[in-house]
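K.L.:
I am sharing entry09.cif, which consists of mmCIF, C-alpha atoms:
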```
data_my_file
loop_
_atom_site.label_atom_id
_atom_site.label_comp_id
_atom_site.auth_asym_id
_atom_site.auth_seq_id
_atom_site.Cartn_x
_atom_site.Cartn_y
_atom_site.Cartn_z
CA MET A 144 43.30 35.44 69.06
CA THR A 145 43.04 32.35 66.93
CA THR A 146 39.27 31.98 67.12
CA THR A 147 37.41 33.57 64.26
CA PRO A 148 34.97 36.14 65.63
CA GLU A 149 31.29 35.55 65.07
CA PRO A 150 30.03 36.86 61.73
CA GLU A 151 27.68 39.10 63.67
CA THR A 152 30.52 40.78 65.51
CA ARG A 153 32.42 41.16 62.26
CA SER A 154 29.59 42.84 60.44
CA ILE A 155 28.86 45.21 63.31
CA VAL A 156 32.55 46.13 63.59
CA SER A 157 32.86 46.66 59.82
CA ASP A 158 29.78 48.80 59.90
CA PHE A 159 31.25 50.82 62.78
CA LEU A 160 34.50 51.28 60.85
CA ASP A 161 32.58 52.52 57.84
CA ARG A 162 30.35 54.92 59.73
CA ARG A 163 32.94 56.42 62.03
CA ARG A 164 35.86 56.44 59.60
CA GLU A 165 36.09 60.19 59.48
CA SER A 166 36.15 60.76 63.21
CA ILE A 167 38.65 57.94 63.73
CA VAL A 168 40.94 59.32 61.05
CA ALA A 169 40.55 62.86 62.38
CA GLU A 170 41.76 61.77 65.81
CA TRP A 171 44.41 59.40 64.59
CA SER A 172 46.05 61.60 61.97
CA GLY A 173 47.09 64.00 64.72
CA ALA A 174 48.97 61.16 66.41
CA PRO A 175 52.78 61.08 66.67
CA PHE A 176 52.89 58.32 64.08
CA PHE A 177 52.07 60.71 61.28
CA ARG A 178 53.96 63.59 62.76
CA THR A 179 57.26 61.72 62.73
CA ALA A 180 56.64 60.63 59.16
CA GLY A 181 56.79 64.33 58.33
CA MET A 182 53.47 64.44 56.51
CA ASP A 183 51.12 67.31 55.98
CA PRO A 184 47.74 66.82 57.70
CA GLU A 185 45.79 66.40 54.46
CA GLN A 186 48.01 63.58 53.25
CA ALA A 187 47.86 62.03 56.70
CA ALA A 188 44.06 62.06 56.60
CA LEU A 189 44.03 60.44 53.16
CA ASP A 190 46.51 57.76 54.18
CA GLY A 191 44.68 57.18 57.42
CA ALA A 192 41.43 56.68 55.52
CA GLU A 193 43.13 54.21 53.20
CA VAL A 194 44.58 52.27 56.12
CA LEU A 195 41.17 52.10 57.74
CA ALA A 196 39.55 50.94 54.49
CA GLY A 197 42.05 48.10 54.28
CA LEU A 198 41.50 47.31 57.92
CA ARG A 199 37.78 47.17 57.35
CA ARG A 200 38.14 44.78 54.43
CA ALA A 201 40.31 42.45 56.49
CA VAL A 202 37.83 42.59 59.41
CA ASP A 203 34.94 41.98 57.06
CA LYS A 204 36.59 38.84 55.65
CA GLY A 205 37.44 37.58 59.15
CA GLU A 206 41.17 37.82 58.44
CA ALA A 207 42.05 40.56 60.90
CA ASN A 208 44.90 38.49 62.36
CA ASN A 209 46.43 37.40 59.07
CA PRO A 210 49.16 39.78 57.81
CA ALA A 211 48.90 38.21 54.35
CA ALA A 212 45.18 38.96 54.06
CA GLU A 213 43.84 40.59 50.92
CA GLY A 214 42.62 43.67 52.80
CA PHE A 215 46.06 44.30 54.22
CA ALA A 216 47.72 43.59 50.88
CA SER A 217 45.97 46.62 49.39
CA ILE A 218 47.52 48.96 51.95
CA ARG A 219 50.86 47.18 52.16
CA SER A 220 52.56 49.48 49.64
CA LEU A 221 51.37 52.51 51.64
CA LEU A 222 52.77 51.00 54.84
CA GLU A 223 55.99 50.13 53.06
CA ALA A 224 56.39 53.72 51.91
CA LEU A 225 55.82 54.87 55.49
CA ALA A 226 58.32 52.33 56.77
CA VAL A 227 60.99 53.34 54.23
CA GLN A 228 60.44 56.97 55.23
CA GLN A 229 60.94 56.10 58.88
CA VAL A 230 63.99 53.98 58.19
CA HIS A 231 65.54 56.91 56.35
CA ASP A 232 64.69 59.23 59.21
CA SER A 233 66.42 56.60 61.36
CA THR A 234 63.51 56.31 63.73
CA LEU A 235 63.66 53.08 65.70
CA VAL A 236 61.73 50.44 63.82
CA ALA A 237 60.20 49.09 67.03
CA GLN A 238 59.10 52.62 67.91
CA THR A 239 57.37 52.94 64.56
CA ALA A 240 55.51 49.71 65.04
CA ALA A 241 54.55 50.75 68.55
CA GLN A 242 53.16 54.01 67.24
CA MET A 243 50.79 52.02 65.10
CA SER A 244 49.07 51.16 68.36
CA GLY A 245 48.25 54.87 68.59
CA LEU A 246 45.32 53.96 66.39
CA LYS A 247 43.92 51.78 69.14
CA GLU A 248 43.15 54.59 71.51
CA PRO A 249 40.66 56.56 69.32
CA LEU A 250 39.37 53.37 67.80
CA LEU A 251 38.53 51.65 71.05
CA ARG A 252 37.18 54.80 72.68
CA LEU A 253 34.78 55.38 69.80
CA TRP A 254 33.86 51.71 69.84
CA ALA A 255 33.00 51.96 73.51
CA GLU A 256 30.66 54.82 72.71
CA GLU A 257 28.86 52.70 70.14
CA ASP A 258 25.37 51.49 70.85
CA VAL A 259 25.92 47.76 70.45
CA PRO A 260 24.52 44.74 72.25
CA ARG A 261 26.37 44.25 75.56
CA GLU A 262 27.68 40.79 74.75
CA LEU A 263 29.35 42.07 71.54
CA VAL A 264 31.33 44.91 73.14
CA ALA A 265 34.25 42.77 74.34
CA PRO A 266 34.62 40.53 71.21
CA GLY A 267 34.47 43.65 69.01
CA ALA A 268 37.21 45.34 71.01
CA VAL A 269 39.37 42.21 70.79
CA LEU A 270 38.81 42.09 67.05
CA LEU A 271 39.75 45.75 66.54
CA SER A 272 42.76 45.48 68.78
CA GLY A 273 43.97 42.38 66.97
CA ALA A 274 43.59 44.05 63.60
CA VAL A 275 45.65 47.04 64.72
CA ASP A 276 48.34 44.68 66.05
CA THR A 277 48.49 43.01 62.65
CA LEU A 278 48.99 46.43 61.06
CA GLY A 279 51.93 46.94 63.41
CA LEU A 280 53.41 43.62 62.35
CA ILE A 281 53.11 44.49 58.67
CA LEU A 282 54.77 47.82 59.28
CA LEU A 283 57.59 46.15 61.21
CA ASP A 284 58.04 43.63 58.42
CA ALA A 285 58.14 46.38 55.79
CA ALA A 286 60.66 48.36 57.82
CA LEU A 287 62.90 45.32 58.24
CA THR A 288 62.75 44.58 54.52
CA ALA A 289 63.64 48.17 53.72
CA THR A 290 66.61 48.01 56.11
CA ARG A 291 67.76 44.73 54.66
CA ASP A 292 67.63 46.10 51.12
CA THR A 293 69.65 49.14 52.16
CA ILE A 294 72.29 47.00 53.82
CA ALA A 295 72.54 44.67 50.82
CA SER A 296 73.05 47.50 48.35
CA GLN A 297 75.58 49.19 50.61
CA ARG A 298 77.50 45.96 50.99
CA GLU A 299 77.63 45.62 47.22
CA GLN A 300 78.91 49.16 46.81
CA LEU A 301 81.49 48.61 49.51
CA ALA A 302 82.82 45.48 47.84
CA GLU A 303 83.11 47.35 44.56
CA LEU A 304 84.75 50.38 46.09
CA SER A 305 87.13 48.45 48.27
CA THR A 306 89.04 46.75 45.48
CA PRO A 307 89.79 49.28 42.73
CA VAL A 308 92.17 48.04 40.07
CA ILE A 309 94.11 50.91 38.52
CA LYS A 310 96.06 50.90 35.30
CA LEU A 311 99.34 52.70 35.94
CA TRP A 312 100.87 52.13 32.54
CA ASP A 313 100.36 49.93 29.52
CA GLY A 314 100.83 46.50 31.03
CA VAL A 315 101.12 47.69 34.62
CA LEU A 316 98.21 47.37 37.06
CA ALA A 317 97.98 48.34 40.71
CA ILE A 318 95.47 47.46 43.37
CA PRO A 319 95.86 49.71 46.40
CA LEU A 320 94.31 47.98 49.37
CA ILE A 321 93.13 50.15 52.22
CA GLY A 322 91.70 49.19 55.57
CA THR A 323 91.22 45.87 57.25
CA LEU A 324 91.48 42.90 54.93
CA ASP A 325 89.19 40.03 55.76
CA SER A 326 89.15 36.86 53.72
CA MET A 327 86.09 37.91 51.72
CA ARG A 328 87.69 41.20 50.73
CA SER A 329 90.99 39.64 49.80
CA GLN A 330 89.06 37.10 47.74
CA THR A 331 87.32 39.91 45.84
CA ALA A 332 90.65 41.66 45.38
CA THR A 333 92.22 38.51 43.97
CA GLU A 334 89.39 37.93 41.56
CA SER A 335 89.23 41.48 40.25
CA LEU A 336 93.01 41.71 39.92
CA LEU A 337 93.33 38.46 37.97
CA GLN A 338 90.41 39.38 35.73
CA ALA A 339 91.97 42.79 35.06
CA ILE A 340 95.30 41.12 34.21
CA LEU A 341 93.48 39.02 31.64
CA ASP A 342 91.39 41.90 30.23
CA GLN A 343 94.27 44.34 29.90
CA GLN A 344 97.01 41.81 29.23
CA ALA A 345 99.04 43.33 32.03
CA LYS A 346 102.51 41.96 32.58
CA VAL A 347 103.01 43.31 36.08
CA ALA A 348 100.47 43.74 38.86
CA ILE A 349 101.29 45.70 42.00
CA LEU A 350 99.55 44.73 45.21
CA ASP A 351 99.95 47.75 47.44
CA ILE A 352 99.14 47.18 51.11
CA THR A 353 100.38 50.52 52.48
CA GLY A 354 96.91 51.23 53.82
CA VAL A 355 96.46 47.89 55.52
CA PRO A 356 97.09 48.11 59.27
CA THR A 357 97.28 44.39 60.06
CA VAL A 358 97.61 41.18 58.17
CA ASP A 359 96.67 37.82 59.64
CA THR A 360 97.89 34.41 58.46
CA MET A 361 94.95 33.83 56.19
CA VAL A 362 95.25 37.19 54.44
CA ALA A 363 99.01 36.81 54.04
CA GLN A 364 98.46 33.38 52.51
CA HIS A 365 95.90 34.94 50.24
CA LEU A 366 98.30 37.62 49.03
CA LEU A 367 100.85 34.91 48.32
CA LYS A 368 98.28 32.83 46.45
CA THR A 369 97.24 35.83 44.38
CA ALA A 370 100.84 36.39 43.38
CA LEU A 371 101.31 32.74 42.46
CA ALA A 372 98.08 32.64 40.47
CA ALA A 373 99.12 35.76 38.57
CA ARG A 374 102.41 34.05 37.78
CA LEU A 375 100.59 30.99 36.43
CA MET A 376 98.69 33.29 34.12
CA GLY A 377 101.90 34.74 32.82
CA ALA A 378 102.01 37.98 34.76
CA GLU A 379 104.19 39.03 37.64
CA CYS A 380 103.00 40.26 41.00
CA VAL A 381 104.85 42.75 43.17
CA ILE A 382 103.77 43.39 46.75
CA SER A 383 104.57 46.84 48.05
CA GLY A 384 104.04 48.80 51.23
CA ILE A 385 104.45 46.04 53.78
CA ARG A 386 104.61 47.76 57.17
CA PRO A 387 107.34 46.85 59.63
CA GLN A 388 104.85 45.27 62.04
CA ILE A 389 103.33 43.26 59.22
CA ALA A 390 106.78 42.13 58.09
CA ASN A 391 107.51 40.99 61.65
CA THR A 392 104.20 39.17 61.88
CA MET A 393 104.74 37.45 58.57
CA VAL A 394 108.19 36.26 59.56
CA GLN A 395 106.85 34.98 62.86
CA LEU A 396 104.02 33.23 61.08
CA GLY A 397 106.55 31.58 58.83
CA ILE A 398 105.06 32.98 55.63
CA ASP A 399 107.64 32.85 52.91
CA LEU A 400 107.38 35.50 50.23
CA GLU A 401 110.53 34.35 48.51
CA GLU A 402 108.69 33.55 45.31
CA VAL A 403 107.20 37.02 45.12
CA ALA A 404 108.94 40.30 44.48
CA THR A 405 108.43 42.87 47.22
CA ARG A 406 109.23 46.58 47.27
CA ALA A 407 109.09 49.12 50.04
CA LYS A 408 106.88 51.69 48.39
CA LEU A 409 104.40 51.84 45.56
CA SER A 410 106.82 54.06 43.62
CA ASP A 411 109.60 51.49 43.95
CA ALA A 412 107.24 48.78 42.77
CA PHE A 413 106.25 50.93 39.80
CA ALA A 414 109.89 51.53 38.89
CA TYR A 415 110.47 47.78 39.15
CA ALA A 416 107.47 47.14 36.90
CA LEU A 417 108.67 49.60 34.26
CA ASN A 418 112.07 47.98 34.39
CA ARG A 419 110.52 44.58 33.80
CA LEU A 420 108.83 46.00 30.72
CA GLY A 421 112.15 47.38 29.53
CA LEU A 422 111.12 50.97 30.14
CA SER A 423 112.81 53.65 32.17
CA VAL A 424 112.07 57.09 33.53
CA THR A 425 114.43 59.91 32.65
CA SER A 426 114.41 63.41 34.04
CA THR A 427 114.49 66.13 31.38
CA GLY A 428 113.84 69.23 33.49
CA PRO A 429 116.41 71.87 34.51
CA GLY A 430 116.96 70.02 37.78
CA ALA A 431 118.00 66.88 35.95
CA VAL A 432 121.09 65.22 37.34
CA MET B 184 89.24 10.84 19.48
CA PRO B 185 91.33 13.32 17.48
CA GLY B 186 94.69 14.22 18.94
CA VAL B 187 95.90 17.68 19.81
CA PRO B 188 97.26 19.49 16.74
CA ILE B 189 100.94 20.31 16.91
CA VAL B 190 101.93 22.97 14.39
CA LYS B 191 105.48 23.89 13.55
CA LEU B 192 106.22 27.58 13.07
CA HIS B 193 109.88 28.23 12.30
CA ASP B 194 111.64 26.69 15.27
CA VAL B 195 108.62 26.71 17.58
CA LEU B 196 105.95 24.05 18.07
CA LEU B 197 102.47 25.48 18.58
CA VAL B 198 100.27 23.18 20.65
CA THR B 199 96.67 24.31 21.05
CA ILE B 200 94.62 22.25 23.45
CA GLN B 201 91.05 22.66 22.24
CA ASP B 202 89.13 20.40 24.55
CA GLU B 203 89.40 18.81 27.94
CA LEU B 204 91.71 15.85 27.73
CA LEU B 205 91.41 12.43 29.28
CA ASP B 206 94.40 11.22 31.23
CA TYR B 207 95.64 8.88 28.52
CA SER B 208 95.48 11.65 25.89
CA VAL B 209 97.50 13.81 28.23
CA ASP B 210 100.14 11.09 28.37
CA GLU B 211 100.02 10.77 24.63
CA LEU B 212 100.43 14.53 24.23
CA GLN B 213 103.58 14.51 26.31
CA GLN B 214 105.10 11.75 24.18
CA GLN B 215 104.12 13.47 20.94
CA ILE B 216 105.58 16.79 21.99
CA THR B 217 108.91 15.35 23.08
CA GLU B 218 109.17 13.29 19.92
CA GLN B 219 108.30 16.27 17.74
CA VAL B 220 110.83 18.49 19.50
CA VAL B 221 113.59 16.12 18.47
CA GLU B 222 112.18 15.38 15.04
CA GLN B 223 111.58 18.99 14.09
CA GLN B 224 114.60 20.30 15.95
CA ALA B 225 112.39 22.78 17.72
CA ARG B 226 113.84 25.32 20.12
CA GLY B 227 110.55 26.22 21.73
CA VAL B 228 107.17 24.75 22.60
CA LEU B 229 104.11 26.94 23.06
CA ILE B 230 101.13 25.31 24.74
CA ASP B 231 97.90 27.32 24.53
CA ILE B 232 95.34 26.39 27.18
CA SER B 233 93.18 29.51 26.91
CA VAL B 234 90.01 27.58 26.04
CA LEU B 235 90.22 25.31 29.07
CA ASP B 236 87.80 26.00 31.92
CA VAL B 237 89.21 23.16 33.94
CA VAL B 238 92.80 22.05 34.36
CA ASP B 239 93.06 19.07 36.66
CA SER B 240 96.08 18.21 38.73
CA PHE B 241 97.18 15.54 36.27
CA LEU B 242 97.28 17.91 33.31
CA ALA B 243 99.01 20.56 35.43
CA ARG B 244 101.62 18.04 36.53
CA THR B 245 102.11 16.90 32.94
CA LEU B 246 102.55 20.47 31.65
CA HIS B 247 105.29 20.82 34.22
CA ASP B 248 106.83 17.51 33.14
CA ILE B 249 106.69 18.48 29.48
CA ALA B 250 108.59 21.67 30.31
CA ALA B 251 111.21 19.69 32.22
CA ALA B 252 111.54 17.07 29.47
CA THR B 253 111.78 19.61 26.64
CA SER B 254 114.40 21.58 28.53
CA LEU B 255 116.49 18.38 28.62
CA LEU B 256 116.06 18.41 24.85
CA ALA B 257 117.24 22.04 24.74
CA ALA B 258 113.81 23.48 24.00
CA LYS B 259 111.95 25.95 26.18
CA THR B 260 108.25 25.48 26.96
CA VAL B 261 105.79 28.32 27.62
CA VAL B 262 102.18 27.80 28.71
CA VAL B 263 99.83 30.49 27.41
CA GLY B 264 96.45 31.85 28.45
CA MET B 265 95.63 30.25 31.77
CA ARG B 266 92.33 31.63 33.02
CA PRO B 267 92.07 33.32 36.43
CA ALA B 268 89.77 30.65 37.84
CA VAL B 269 92.11 27.89 36.71
CA ALA B 270 95.12 29.70 38.18
CA ILE B 271 93.40 30.19 41.54
CA THR B 272 92.32 26.57 41.66
CA LEU B 273 95.80 25.27 40.92
CA VAL B 274 97.28 27.53 43.60
CA GLU B 275 94.65 26.35 46.08
CA LEU B 276 95.65 22.77 45.23
CA GLY B 277 99.26 23.69 45.94
CA LEU B 278 100.28 23.22 42.31
CA VAL B 279 102.30 26.36 41.71
CA LEU B 280 104.33 24.71 38.93
CA ALA B 281 107.58 26.44 39.81
CA GLY B 282 109.95 26.54 36.87
CA LEU B 283 107.16 26.51 34.28
CA GLN B 284 107.21 29.56 32.05
CA THR B 285 103.86 31.21 31.49
CA ALA B 286 102.62 34.02 29.26
CA LEU B 287 99.42 35.98 28.82
CA SER B 288 99.34 35.87 25.04
CA VAL B 289 100.84 33.88 22.20
CA GLU B 290 102.67 36.99 21.07
CA GLU B 291 104.33 37.42 24.42
CA ALA B 292 105.17 33.73 24.56
CA LEU B 293 106.97 33.99 21.23
CA ASP B 294 108.91 36.95 22.63
CA ILE B 295 109.93 34.87 25.62
CA LEU B 296 110.99 31.96 23.43
CA HIS B 297 113.10 34.14 21.18
CA GLU B 298 114.64 36.39 23.77
CA GLY B 299 115.57 33.79 26.30
CA GLY B 300 112.78 34.66 28.69
CA ARG B 301 113.06 38.43 28.51
CA PRO B 302 110.76 40.89 26.80
CA ARG B 303 111.97 42.18 23.46
CA ARG B 304 112.30 45.80 24.51
CA THR B 305 115.49 45.49 26.49
CA ALA B 306 116.35 49.11 27.16
CA ARG B 307 118.29 49.16 30.39
CA ARG B 308 117.32 51.24 33.35
#
```
Represent the structure from my file as structure tokens, please.

P.N.:
Amino acid sequence: MTTTPEPETRSIVSDFLDRRRESIVAEWSGAPFFRTAGMDPEQAALDGAEVLAGLRRAVDKGEANNPAAEGFASIRSLLEALAVQQVHDSTLVAQTAAQMSGLKEPLLRLWAEEDVPRELVAPGAVLLSGAVDTLGLILLDAALTATRDTIASQREQLAELSTPVIKLWDGVLAIPLIGTLDSMRSQTATESLLQAILDQQAKVAILDITGVPTVDTMVAQHLLKTALAARLMGAECVISGIRPQIANTMVQLGIDLEEVATRAKLSDAFAYALNRLGLSVTSTGPGAV
Amino acid sequence: MPGVPIVKLHDVLLVTIQDELLDYSVDELQQQITEQVVEQQARGVLIDISVLDVVDSFLARTLHDIAAATSLLAAKTVVVGMRPAVAITLVELGLVLAGLQTALSVEEALDILHEGGRPRRTARR
């Protein structure tokens, strides 16, 4: 694979790719590779021709085994688009790359029918096969990049969504935490809560963990630290919604929340917060006691 | 190196730290504040640290000491405007400065100083 094919082989193979492009594309564009990509036959034929043109350029330059070659670079965006399509259709990436080998069958069969000197048949086939393998690699690479990008953007969205800071009243903030808290999430929660305290000059911040099923030592420590940091800034933190199991765990872990106000429910914490601000809620309806 | 300005406003001393302080200036600041409290017969000290990106353990400790010393002199100390990053760092270092009054804004700090630590709006629940 590493040896550069003779220039003679290269020129004959390039010539073959030029001459037989149409028949190769005609056979290949009916292959499963294009069918799964959900393309109409015309578009498939055009794309196929473009892929072959790129392949030919790479073969011509003797770079058939180099994914970074100039010839491949020109069709990379096309392959990337195909890869993104397949990632979205949640086809297996490996399957996609394997389907690229579907090009080999028509290619090699037509090559075998060529009238070339006997000693060039085998090197030519190796060259073509190698070039198609490189295409597969590029496709795999593009698919992996597309997947990675998707995951990164989803992770970002998740981090944003998972720590919403809500303003309940002038000077009262709440951050309802839902789901499993890991140390990264609690870190994000701390940062956004403290920043919101600063931005909105909030006097009381409610950390509501009603939706948190379990709390480990590290997360409990983190909640405590958040409360203490808020206090250093001049605000007060109230933790609400500690489940019985979590309370038990925290006691067993020896985590002391003495410095921090706790309330059973978010509503209790809110009432406490209003009280701290010197406000109260009065019923005025007919049912008022 | 210029010292930290200490401004008297009625019975409150306003101390605005405008730059990071070296340890000896921190010591000096503590002396100045305690002396001024007595001299000016101040009832409150307001220390604004909102411009500081970094508060080291020595300054944190000293702020705590100033509060303790002024309270012996019958004046209350409030630290104003600690940034989130500073607060987190101090907590991580274990410096929670229990007993030190803090406030988000100068306005609120003045409320605390005048109302004995409670907000002005004192409507009962």

K.L.:
Taking only residues of chain B that have an atom at most 12 Å from an atom of chain A, what is each one's shortest atom pair and its distance in Å to one decimal, using all atoms listed in the file, in chain and number order, as a tab-separated table?

P.N.:
```
residue	atom	partner	partner_atom	distance
B:Asp231	CA	A:Met376	CA	11.3
B:Ile232	CA	A:Met376	CA	10.3
B:Ser233	CA	A:Met376	CA	9.8
B:Ala243	CA	A:Leu375	CA	10.6
B:Leu246	CA	A:Leu375	CA	11.7
B:His247	CA	A:Leu375	CA	11.4
B:Val261	CA	A:Gly377	CA	9.1
B:Val262	CA	A:Gly377	CA	8.1
B:Val263	CA	A:Gly377	CA	7.2
B:Gly264	CA	A:Met376	CA	6.3
B:Met265	CA	A:Met376	CA	4.9
B:Arg266	CA	A:Met376	CA	6.7
B:Pro267	CA	A:Leu337	CA	5.5
B:Ala268	CA	A:Glu334	CA	8.2
B:Val269	CA	A:Ala372	CA	8.5
B:Ala270	CA	A:Ala372	CA	4.8
B:Ile271	CA	A:Ala372	CA	5.4
B:Thr272	CA	A:Ala372	CA	8.5
B:Leu273	CA	A:Ala372	CA	7.7
B:Val274	CA	A:Ala372	CA	6.0
B:Glu275	CA	A:Lys368	CA	7.4
B:Leu276	CA	A:Lys368	CA	10.5
B:Gly277	CA	A:Lys368	CA	9.2
B:Leu278	CA	A:Leu371	CA	9.6
B:Val279	CA	A:Leu371	CA	6.5
B:Leu280	CA	A:Leu375	CA	7.7
B:Ala281	CA	A:Leu375	CA	9.0
B:Gly282	CA	A:Leu375	CA	10.4
B:Leu283	CA	A:Leu375	CA	8.2
B:Gln284	CA	A:Gly377	CA	7.5
B:Thr285	CA	A:Gly377	CA	4.3
B:Ala286	CA	A:Gly377	CA	3.7
B:Leu287	CA	A:Gly377	CA	4.9
B:Ser288	CA	A:Gln344	CA	7.6
B:Val289	CA	A:Gly377	CA	10.7
B:Glu290	CA	A:Gln344	CA	11.0
B:Glu291	CA	A:Gly377	CA	9.1
B:Ala292	CA	A:Gly377	CA	8.9
B:Ile295	CA	A:Gly377	CA	10.8
B:Gly300	CA	A:Arg419	CA	11.4
B:Arg301	CA	A:Arg419	CA	8.5
B:Pro302	CA	A:Leu420	CA	6.7
B:Arg303	CA	A:Gly421	CA	8.0
B:Arg304	CA	A:Gly421	CA	5.3
B:Thr305	CA	A:Gly421	CA	4.9
B:Ala306	CA	A:Gly421	CA	5.1
B:Arg307	CA	A:Gly421	CA	6.5
B:Arg308	CA	A:Ser423	CA	5.2
```

K.L.:
Would you mind telling me which residue in B:Leu205, B:Leu196, B:Ala225, B:Ala257 lies nearest to Val238 in chain B when using all atoms listed in the file?

P.N.:
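For Val238 in chain B, the nearest of the candidates is B:Leu205.
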
K.L.:
Can you tell me, as a PDB file with C-alpha atoms, in the frame of the given file, what residues are no more than 10 Å from Lys191 in chain B when counting only C-alpha atoms, ignoring any on the same chain fewer than 6 positions away?

P.N.:
```pdb
ATOM      1  CA  LEU B 197     102.470  25.480  18.580  1.00  0.00           C
ATOM      2  CA  VAL B 198     100.270  23.180  20.650  1.00  0.00           C
ATOM      3  CA  GLN B 219     108.300  16.270  17.740  1.00  0.00           C
ATOM      4  CA  VAL B 220     110.830  18.490  19.500  1.00  0.00           C
ATOM      5  CA  GLN B 223     111.580  18.990  14.090  1.00  0.00           C
ATOM      6  CA  ALA B 225     112.390  22.780  17.720  1.00  0.00           C
ATOM      7  CA  GLY B 227     110.550  26.220  21.730  1.00  0.00           C
ATOM      8  CA  VAL B 228     107.170  24.750  22.600  1.00  0.00           C
TER       9      VAL B 228
END
```

K.L.:
Quick one: distance from CA of Asp313 in chain A to CA of Asp351 in chain A in Å, one decimal?

P.N.:
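Between these atoms lies a distance of 18.1 Å.
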
K.L.:
List, as a list in words, every residue that the PyMOL selection byres ((chain A and resi 190-196) around 8) selects in the file provided.

P.N.:
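For this structure, the PyMOL selection byres ((chain A and resi 190-196) around 8) captures Leu160, Asp161, Arg164, Glu165, Val168, Trp171, Ser172, Gln186, Ala187, Ala188, Leu189, Gly197, Leu198, Arg199, Arg200, Ile218 and Leu221 of chain A.
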
K.L.:
Residues within 7 Å of Gly384 in chain A, please, as a PyMOL selection string. Count all atoms listed in the file; anything in the same chain fewer than 6 positions from it doesn't count.

P.N.:
chain A and resi 351-353+406-409

K.L.:
I'd like to know which of A:Pro150, A:Pro184, A:Pro210, A:Pro319 is closest to Gly267 in chain A, using all atoms listed in the file.

P.N.:
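Residue with the minimum atom-to-atom distance to Gly267 in chain A: A:Pro150.
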
K.L.:
Considering only C-alpha atoms, return as a list in words whatever protein or nucleic-acid residues lie within 10 Å of Lys204 in chain A, sequence-local ones (same chain, fewer than 6 positions apart) excluded.

P.N.:
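Near Lys204 in chain A, the qualifying residues are Pro150, Arg153, Ser154, Ser157, Ala212, Glu213 and Gly214 of chain A.
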